$ cat data_28.txt   # compact mmCIF, C-alpha atoms
# COMPACT_ATOMS: atom_id res chain seq x y z
CA MET D 52 15.34 16.18 -0.99
CA MET D 53 16.07 12.56 0.05
CA LYS D 54 15.70 11.44 -3.59
CA ASN D 55 18.22 14.10 -4.69
CA ARG D 56 20.73 13.02 -2.03
CA THR D 57 20.34 9.37 -3.08
CA ALA D 58 20.85 10.23 -6.74
CA SER D 59 23.96 12.29 -5.89
CA ALA D 60 25.39 9.43 -3.82
CA ALA D 61 24.75 6.97 -6.63
CA LEU D 62 26.51 9.22 -9.15
CA ALA D 63 29.49 9.66 -6.83
CA LEU D 64 29.65 5.89 -6.33
CA LEU D 65 29.50 5.26 -10.07
CA GLY D 66 32.39 7.64 -10.69
CA ALA D 67 34.48 6.14 -7.89
CA LEU D 68 33.96 2.56 -9.03
CA ALA D 69 34.72 3.47 -12.63
CA MET D 70 38.19 4.48 -11.40
CA GLY D 71 38.61 1.15 -9.63
CA ALA D 72 38.05 2.60 -6.16
CA ALA D 73 36.02 -0.14 -4.50
CA GLN D 74 37.44 0.71 -1.07
CA ALA D 75 39.11 3.47 0.93
CA ASP D 76 41.72 4.22 -1.66
CA GLY D 77 45.17 2.79 -1.39
CA HIS D 78 46.68 -0.46 -2.57
CA TYR D 79 47.29 -2.21 0.74
CA VAL D 80 44.51 -4.54 1.90
CA PRO D 81 44.20 -4.64 5.72
CA GLY D 82 43.88 -7.99 7.43
CA VAL D 83 46.64 -9.87 5.61
CA GLU D 84 48.92 -9.63 8.67
CA GLY D 85 48.01 -10.37 12.28
CA LEU D 86 49.88 -12.19 15.05
CA GLN D 87 53.59 -11.30 15.20
CA ALA D 88 53.05 -9.12 12.12
CA ALA D 89 56.20 -7.06 12.78
CA SER D 90 58.55 -10.06 13.15
CA VAL D 91 60.88 -10.56 10.17
CA PRO D 92 62.07 -14.18 9.71
CA PRO D 93 65.78 -15.11 9.81
CA PRO D 94 67.93 -14.93 6.66
CA GLY D 95 66.59 -17.09 3.86
CA PHE D 96 64.22 -17.13 0.89
CA TYR D 97 60.48 -17.28 1.58
CA TYR D 98 57.23 -17.65 -0.33
CA LEU D 99 54.10 -16.28 1.33
CA GLY D 100 50.73 -16.96 -0.26
CA TYR D 101 47.77 -14.95 1.07
CA LEU D 102 44.36 -16.22 -0.04
CA VAL D 103 41.83 -13.55 0.88
CA ASN D 104 38.06 -13.47 0.47
CA TYR D 105 36.42 -10.13 1.23
CA HIS D 106 32.63 -10.35 1.32
CA ILE D 107 30.91 -6.96 0.99
CA ASP D 108 27.58 -6.80 2.83
CA GLN D 109 26.83 -3.17 2.11
CA PHE D 110 28.25 0.10 0.78
CA ARG D 111 28.39 3.31 2.76
CA ALA D 112 27.12 6.31 0.80
CA PRO D 113 29.85 8.86 -0.08
CA GLY D 114 30.68 11.10 2.89
CA THR D 115 28.52 9.18 5.38
CA ARG D 116 28.14 6.11 7.60
CA SER D 117 24.73 5.41 6.04
CA ASN D 118 24.13 2.52 3.64
CA LEU D 119 23.23 3.06 0.01
CA PRO D 120 19.66 1.97 -0.74
CA GLY D 121 18.86 -1.14 -2.74
CA ASP D 122 20.69 -4.39 -3.43
CA ASN D 123 24.39 -3.60 -3.07
CA ARG D 124 26.97 -6.34 -2.49
CA GLY D 125 30.23 -7.71 -3.75
CA THR D 126 33.02 -10.24 -3.36
CA VAL D 127 36.75 -9.83 -3.86
CA THR D 128 38.87 -13.00 -3.88
CA ALA D 129 42.61 -12.52 -4.14
CA LEU D 130 45.76 -14.60 -4.05
CA ALA D 131 48.69 -12.37 -3.15
CA ASN D 132 51.97 -14.06 -4.06
CA ARG D 133 54.77 -12.58 -1.96
CA LEU D 134 58.45 -13.42 -2.40
CA ALA D 135 60.87 -12.28 0.31
CA TRP D 136 64.63 -12.64 0.49
CA ILE D 137 66.22 -11.86 3.85
CA THR D 138 69.91 -11.65 3.10
CA PRO D 139 72.81 -12.52 5.45
CA TYR D 140 73.88 -8.86 5.35
CA LYS D 141 73.30 -6.21 8.02
CA LEU D 142 72.16 -2.61 7.59
CA LEU D 143 71.82 -0.29 10.61
CA GLY D 144 72.17 -3.35 12.82
CA ALA D 145 69.20 -5.07 11.16
CA ASP D 146 68.86 -8.06 8.84
CA TYR D 147 68.51 -6.59 5.34
CA GLY D 148 66.06 -7.99 2.82
CA MET D 149 63.84 -7.25 -0.17
CA GLU D 150 60.42 -8.39 -1.38
CA ALA D 151 57.88 -8.39 -4.20
CA ILE D 152 54.10 -8.99 -4.26
CA VAL D 153 52.09 -10.10 -7.30
CA PRO D 154 48.33 -10.25 -6.55
CA VAL D 155 45.75 -12.08 -8.67
CA LEU D 156 42.16 -10.90 -8.15
CA ARG D 157 38.60 -11.92 -8.94
CA THR D 158 36.06 -9.16 -8.23
CA SER D 159 32.26 -9.29 -8.47
CA LEU D 160 30.15 -6.18 -7.80
CA THR D 161 26.39 -5.65 -7.80
CA VAL D 162 25.42 -2.08 -6.90
CA SER D 163 21.85 -1.35 -7.85
CA ALA D 164 22.12 2.21 -6.49
CA ALA D 165 24.52 3.00 -9.35
CA GLY D 166 23.29 0.48 -11.93
CA ILE D 167 26.48 -1.60 -11.70
CA ALA D 168 26.82 -5.35 -12.25
CA ASP D 169 30.41 -6.20 -13.12
CA ARG D 170 32.76 -9.17 -12.73
CA ARG D 171 36.46 -9.18 -13.65
CA SER D 172 39.62 -11.23 -13.06
CA GLY D 173 43.27 -10.40 -13.57
CA VAL D 174 46.67 -9.61 -12.16
CA GLY D 175 46.60 -6.61 -9.84
CA ASP D 176 49.14 -3.84 -9.35
CA VAL D 177 52.59 -5.23 -8.46
CA TYR D 178 54.55 -4.20 -5.34
CA LEU D 179 58.36 -3.93 -5.32
CA GLY D 180 60.07 -3.49 -1.95
CA PRO D 181 63.85 -3.01 -2.17
CA LEU D 182 64.19 -2.26 1.55
CA VAL D 183 63.20 -4.55 4.43
CA LEU D 184 64.96 -4.20 7.79
CA GLY D 185 64.37 -6.62 10.66
CA TRP D 186 65.74 -6.16 14.18
CA HIS D 187 65.62 -8.79 16.93
CA GLY D 188 66.02 -8.28 20.69
CA PRO D 189 65.73 -10.64 23.67
CA GLN D 190 61.95 -10.05 23.93
CA TRP D 191 61.12 -7.93 20.90
CA ASP D 192 61.27 -7.71 17.12
CA ALA D 193 60.99 -4.60 14.94
CA VAL D 194 60.63 -3.91 11.23
CA ALA D 195 60.98 -1.00 8.81
CA ALA D 196 60.38 -1.22 5.07
CA ALA D 197 59.80 0.87 1.97
CA GLY D 198 58.56 0.12 -1.51
CA VAL D 199 56.37 1.11 -4.45
CA TRP D 200 53.02 -0.13 -5.76
CA LEU D 201 53.25 0.08 -9.55
CA ASP D 202 50.41 1.22 -11.80
CA SER D 203 50.70 -2.01 -13.75
CA ALA D 204 47.21 -3.56 -13.91
CA SER D 205 44.22 -2.95 -16.13
CA THR D 206 41.69 -0.27 -15.12
CA GLY D 207 38.60 1.48 -16.40
CA GLN D 208 35.78 -0.80 -15.23
CA PRO D 209 34.17 -1.03 -11.76
CA ALA D 210 35.67 -4.47 -11.04
CA SER D 211 39.02 -3.94 -12.79
CA PRO D 212 42.01 -5.33 -10.84
CA GLY D 213 44.11 -2.14 -11.12
CA LYS D 214 43.85 1.06 -9.08
CA GLY D 215 44.94 3.37 -11.89
CA PHE D 216 47.72 5.07 -9.93
CA ALA D 217 51.06 4.28 -8.28
CA SER D 218 51.76 4.55 -4.53
CA THR D 219 54.78 4.75 -2.24
CA MET D 220 54.39 2.63 0.91
CA LEU D 221 56.36 2.94 4.17
CA THR D 222 56.13 0.30 6.91
CA GLY D 223 57.10 0.23 10.59
CA GLY D 224 56.15 -1.96 13.53
CA MET D 225 57.11 -3.94 16.61
CA THR D 226 56.35 -7.26 18.27
CA TYR D 227 56.84 -7.55 22.03
CA TYR D 228 57.00 -10.83 23.98
CA PHE D 229 55.63 -10.57 27.48
CA ASP D 230 57.57 -13.58 28.80
CA GLY D 231 61.06 -14.97 28.35
CA ALA D 232 59.76 -18.10 26.61
CA LYS D 233 58.02 -15.89 24.01
CA THR D 234 54.66 -17.61 24.44
CA ILE D 235 52.65 -14.39 24.78
CA SER D 236 53.03 -11.66 22.19
CA GLY D 237 51.61 -8.32 21.18
CA SER D 238 52.29 -6.75 17.80
CA ALA D 239 51.44 -3.61 15.84
CA LEU D 240 52.27 -2.94 12.19
CA MET D 241 51.69 0.44 10.54
CA ARG D 242 51.61 1.04 6.77
CA PHE D 243 51.53 4.52 5.23
CA GLU D 244 50.70 5.08 1.55
CA ARG D 245 51.24 8.22 -0.47
CA ASN D 246 49.12 7.86 -3.59
CA GLY D 247 49.84 9.22 -7.05
CA LYS D 248 47.45 10.63 -9.64
CA THR D 249 45.19 8.80 -12.06
CA ASP D 250 45.23 9.62 -15.77
CA ALA D 251 42.17 11.79 -15.10
CA GLY D 252 44.12 13.90 -12.60
CA PHE D 253 42.47 12.51 -9.46
CA ARG D 254 44.79 11.91 -6.48
CA PRO D 255 43.36 9.79 -3.62
CA GLY D 256 44.27 11.00 -0.15
CA GLN D 257 47.11 9.44 1.80
CA GLN D 258 46.23 6.31 3.75
CA ALA D 259 47.40 4.79 7.05
CA THR D 260 46.72 1.16 8.02
CA LEU D 261 47.25 -0.33 11.48
CA GLU D 262 47.18 -4.12 11.94
CA TRP D 263 47.56 -5.59 15.43
CA GLY D 264 47.53 -8.94 17.20
CA LEU D 265 47.57 -10.38 20.74
CA GLY D 266 48.63 -14.03 20.72
CA LYS D 267 49.29 -16.98 23.03
CA SER D 268 51.21 -20.14 22.14
CA PHE D 269 49.78 -23.53 23.12
CA GLY D 270 52.68 -25.80 22.33
CA PRO D 271 53.45 -25.34 18.62
CA VAL D 272 50.05 -23.76 17.90
CA GLN D 273 49.38 -20.05 18.34
CA ALA D 274 45.99 -18.37 18.66
CA GLY D 275 44.80 -14.88 19.45
CA LEU D 276 42.84 -11.73 18.72
CA VAL D 277 43.64 -9.61 15.68
CA GLY D 278 42.26 -6.43 14.19
CA TYR D 279 42.83 -3.60 11.78
CA SER D 280 42.04 0.07 11.30
CA GLN D 281 42.46 2.07 8.13
CA TRP D 282 42.22 5.83 7.83
CA GLN D 283 42.43 8.33 5.02
CA THR D 284 44.79 10.97 6.43
CA SER D 285 44.55 13.71 3.78
CA ASP D 286 41.87 15.00 1.41
CA ASP D 287 41.35 13.67 -2.09
CA ARG D 288 42.40 16.06 -4.85
CA GLY D 289 41.20 16.57 -8.39
CA PRO D 290 37.93 16.20 -10.35
CA GLY D 291 34.99 15.25 -8.13
CA ALA D 292 37.03 15.21 -4.91
CA SER D 293 35.43 16.02 -1.56
CA THR D 294 36.85 16.86 1.87
CA GLN D 295 35.29 13.74 3.39
CA ARG D 296 37.77 11.06 4.54
CA ALA D 297 37.19 7.31 4.56
CA SER D 298 37.91 4.90 7.41
CA ARG D 299 37.13 1.36 8.56
CA HIS D 300 37.79 -0.80 11.61
CA ALA D 301 37.65 -4.58 12.14
CA LEU D 302 38.10 -7.21 14.85
CA GLY D 303 38.88 -10.90 14.40
CA ALA D 304 40.71 -14.04 15.49
CA GLU D 305 43.69 -15.95 14.07
CA LEU D 306 45.15 -19.45 14.37
CA VAL D 307 48.75 -20.36 13.40
CA TYR D 308 49.85 -23.97 12.85
CA PRO D 309 53.46 -24.83 11.98
CA VAL D 310 54.57 -27.88 9.99
CA PRO D 311 58.27 -27.98 10.99
CA GLY D 312 59.30 -30.98 8.90
CA ALA D 313 58.10 -29.26 5.72
CA GLY D 314 59.30 -25.75 6.62
CA LEU D 315 55.70 -24.53 6.51
CA PHE D 316 53.46 -22.25 8.53
CA LEU D 317 49.69 -22.33 7.99
CA LYS D 318 47.60 -19.41 9.21
CA GLY D 319 43.89 -18.67 9.18
CA ALA D 320 42.05 -15.52 10.28
CA LEU D 321 38.50 -14.19 10.14
CA TYR D 322 37.65 -10.48 10.52
CA LYS D 323 34.37 -8.62 10.86
CA GLU D 324 34.30 -4.93 10.03
CA LEU D 325 32.53 -3.12 12.85
CA ARG D 326 32.54 0.42 11.50
CA ALA D 327 33.07 2.09 8.14
CA GLU D 328 32.74 5.64 6.85
CA ALA D 329 32.97 6.72 3.21
CA GLY D 330 35.00 9.52 1.69
CA THR D 331 34.64 10.88 -1.86
CA GLY D 332 33.47 7.49 -3.13
CA ALA D 333 31.45 4.72 -1.52
CA GLN D 334 33.06 2.59 1.18
CA PRO D 335 32.37 -1.17 1.40
CA LYS D 336 31.73 -2.83 4.76
CA GLY D 337 31.85 -6.58 5.26
CA SER D 338 33.91 -9.52 6.49
CA LEU D 339 37.32 -10.87 5.50
CA LEU D 340 38.60 -14.46 5.55
CA ARG D 341 42.33 -14.97 5.11
CA LEU D 342 44.36 -18.18 4.70
CA THR D 343 48.15 -17.88 4.60
CA LEU D 344 50.86 -20.33 3.62
CA VAL D 345 54.48 -19.49 4.52
CA LYS D 346 57.19 -21.67 2.99
CA ALA D 347 60.89 -21.33 3.81
CA PHE D 348 63.47 -22.47 1.24

$ encode --input "data_28.txt" --output "structure tokens"
Amino acid sequence: MMKNRTASAALALLGALAMGAAQADGHYVPGVEGLQAASVPPPGFYYLGYLVNYHIDQFRAPGTRSNLPGDNRGTVTALANRLAWITPYKLLGADYGMEAIVPVLRTSLTVSAAGIADRRSGVGDVYLGPLVLGWHGPQWDAVAAAGVWLDSASTGQPASPGKGFASTMLTGGMTYYFDGAKTISGSALMRFERNGKTDAGFRPGQQATLEWGLGKSFGPVQAGLVGYSQWQTSDDRGPGASTQRASRHALGAELVYPVPGAGLFLKGALYKELRAEAGTGAQPKGSLLRLTLVKAF
């Protein structure tokens, strides 16, 4: 019986990875935002470069919190290039802006349970966000945004950079400053993704991502605790879909260092995933290192 369950899990994993589903399905990668995540900058043009390394220690077997047997590991390294323009115009009392994200990925997967050893590089699915709204109060900031992840990247192999479907993403969040000098902050940023269908007729369930941060400023430097949680909020649909829903949760720390003369912010964060549960496909569990460069023009 155990051998049959292992074989079934391996087959489900193979099918999921063949569709590019190396994680709880959705385009947004948790952990790229942390301290003051819901604070939109003042009007201007910005480049944000997110260099992310996600090291996969193990894979959860489909529908469980148990690890797949054998040698199963992986690494995803990505540079997400984000361009944001916060205009001088107001909409609903907020600063109005727009953004675009072009990710470049390098993925390496070794999953002996499914006989997979694959390594690929390429440009991932592109995000276009025509609506970014940023509000600012005496001791708070808030954000709302909407956009679309395009089905623009290559797919078909376990480590392909594309997901194979488009998604609509809605964003909302708030940063609160606990003192008038704004040296202590708490933030929460929620993303919600409604996923489209693949060419094979499979529709991943909707996904919600919560990123949070508690920070303290020490002069120009800011440090604090950060974390993320990601949940599948509806069932997968289509060929091979199950009623199991994926989730994962992580805790970490972040450091922010400004370079005022150059108009730069440098950020670094390290996360450790504490819990993960798989849905229809396997769910990776590991650690994430993120380095961010923010440049104002």

$ residues_near_point --input "data_28.txt" --point "(69.6, -5.3, 7.7)" --cutoff "12 Å" --atoms "all atoms listed in the file" --output "list in words"
Val91, Pro92, Pro93, Pro94, Trp136, Ile137, Thr138, Pro139, Tyr140, Lys141, Leu142, Leu143, Gly144, Ala145, Asp146, Tyr147, Gly148, Met149, Pro181, Leu182, Val183, Leu184, Gly185, Trp186, His187, Ala193, Val194, Ala195 and Ala196 of chain D

$ atom_distance --input "data_28.txt" --atom1 "atom CA of D:Thr115" --atom2 "atom CA of D:Arg171"
27.6 Å

$ atom_distance --input "data_28.txt" --atom1 "atom CA of D:Val127" --atom2 "atom CA of D:Thr158"
4.5 Å

$ residues_around --input "data_28.txt" --residues "D:Ser117" --least-positions-apart "6" --cutoff "10 Å" --atoms "all atoms listed in the file" --output "PyMOL selection string"
chain D and resi 109-111+327-329

$ residues_around --input "data_28.txt" --residues "D:Gly314" --least-positions-apart "3" --cutoff "9 Å" --atoms "all atoms listed in the file" --output "list of chain:residue names"
D:Pro309, D:Val310, D:Pro311, D:Val345, D:Lys346, D:Ala347, D:Phe348

$ atom_distance --input "data_28.txt" --atom1 "atom CA of D:Ser163" --atom2 "atom CA of D:Ser293"
22.9 Å

$ closest_residue --input "data_28.txt" --among "D:Asp286, D:Asp192, D:Glu84, D:Asp122" --to "D:Asn246" --atoms "all atoms listed in the file"
D:Asp286

$ residues_around --input "data_28.txt" --residues "D:Val80" --least-positions-apart "4" --cutoff "12 Å" --atoms "only C-alpha atoms" --output "ChimeraX atom specification"
/D:73-76,84,101-105,127-131,154,242-244,258-262,279-281,299,339,341

$ closest_residue --input "data_28.txt" --among "D:Gln87, D:Val199, D:Pro113, D:Gly77" --to "D:Gly224" --atoms "only C-alpha atoms"
D:Gln87

$ residues_around --input "data_28.txt" --residues "D:Ala210" --least-positions-apart "4" --cutoff "7 Å" --atoms "only C-alpha atoms" --output "number ranges by chain"
D: 71, 158-160, 169-171

$ residues_around --input "data_28.txt" --residues "D:Thr234" --least-positions-apart "6" --cutoff "12 Å" --atoms "all atoms listed in the file" --output "PyMOL selection string"
chain D and resi 86-87+190+227-228+265-275

$ closest_residue --input "data_28.txt" --among "D:Thr126, D:Gly82, D:Phe316, D:Ala304" --to "D:Pro335" --atoms "all atoms listed in the file"
D:Thr126

$ decode --input "data_28.txt" --residues "stretch 311-325 of chain D" --atoms "N, CA and C atoms" --output "PDB file, in the first residue's frame"
ATOM      1  N   PRO D 311      21.391  58.043   0.355  1.00  0.00           N
ATOM      2  CA  PRO D 311      20.651  59.242  -0.075  1.00  0.00           C
ATOM      3  C   PRO D 311      21.303  59.988  -1.230  1.00  0.00           C
ATOM      4  N   GLY D 312      22.610  60.126  -1.240  1.00  0.00           N
ATOM      5  CA  GLY D 312      23.267  60.887  -2.291  1.00  0.00           C
ATOM      6  C   GLY D 312      23.090  60.296  -3.665  1.00  0.00           C
ATOM      7  N   ALA D 313      22.863  58.970  -3.725  1.00  0.00           N
ATOM      8  CA  ALA D 313      22.691  58.291  -5.015  1.00  0.00           C
ATOM      9  C   ALA D 313      21.223  57.995  -5.330  1.00  0.00           C
ATOM     10  N   GLY D 314      20.309  58.362  -4.416  1.00  0.00           N
ATOM     11  CA  GLY D 314      18.899  58.051  -4.617  1.00  0.00           C
ATOM     12  C   GLY D 314      18.629  56.566  -4.598  1.00  0.00           C
ATOM     13  N   LEU D 315      19.366  55.833  -3.745  1.00  0.00           N
ATOM     14  CA  LEU D 315      19.268  54.375  -3.688  1.00  0.00           C
ATOM     15  C   LEU D 315      18.777  53.892  -2.332  1.00  0.00           C
ATOM     16  N   PHE D 316      18.091  52.751  -2.363  1.00  0.00           N
ATOM     17  CA  PHE D 316      17.806  51.974  -1.160  1.00  0.00           C
ATOM     18  C   PHE D 316      18.294  50.557  -1.419  1.00  0.00           C
ATOM     19  N   LEU D 317      19.021  50.002  -0.472  1.00  0.00           N
ATOM     20  CA  LEU D 317      19.479  48.618  -0.546  1.00  0.00           C
ATOM     21  C   LEU D 317      18.789  47.821   0.555  1.00  0.00           C
ATOM     22  N   LYS D 318      18.233  46.678   0.193  1.00  0.00           N
ATOM     23  CA  LYS D 318      17.502  45.859   1.153  1.00  0.00           C
ATOM     24  C   LYS D 318      17.978  44.411   1.061  1.00  0.00           C
ATOM     25  N   GLY D 319      18.001  43.744   2.194  1.00  0.00           N
ATOM     26  CA  GLY D 319      18.338  42.329   2.214  1.00  0.00           C
ATOM     27  C   GLY D 319      17.452  41.603   3.202  1.00  0.00           C
ATOM     28  N   ALA D 320      16.946  40.434   2.832  1.00  0.00           N
ATOM     29  CA  ALA D 320      16.075  39.660   3.713  1.00  0.00           C
ATOM     30  C   ALA D 320      16.339  38.173   3.541  1.00  0.00           C
ATOM     31  N   LEU D 321      16.168  37.439   4.616  1.00  0.00           N
ATOM     32  CA  LEU D 321      16.320  35.983   4.604  1.00  0.00           C
ATOM     33  C   LEU D 321      15.105  35.370   5.290  1.00  0.00           C
ATOM     34  N   TYR D 322      14.462  34.410   4.599  1.00  0.00           N
ATOM     35  CA  TYR D 322      13.264  33.748   5.112  1.00  0.00           C
ATOM     36  C   TYR D 322      13.505  32.242   5.228  1.00  0.00           C
ATOM     37  N   LYS D 323      12.874  31.648   6.219  1.00  0.00           N
ATOM     38  CA  LYS D 323      12.858  30.192   6.363  1.00  0.00           C
ATOM     39  C   LYS D 323      11.411  29.729   6.400  1.00  0.00           C
ATOM     40  N   GLU D 324      11.050  28.850   5.475  1.00  0.00           N
ATOM     41  CA  GLU D 324       9.686  28.328   5.476  1.00  0.00           C
ATOM     42  C   GLU D 324       9.528  27.310   6.602  1.00  0.00           C
ATOM     43  N   LEU D 325       8.536  27.560   7.456  1.00  0.00           N
ATOM     44  CA  LEU D 325       8.329  26.742   8.645  1.00  0.00           C
ATOM     45  C   LEU D 325       7.302  25.640   8.421  1.00  0.00           C
TER      46      LEU D 325
END
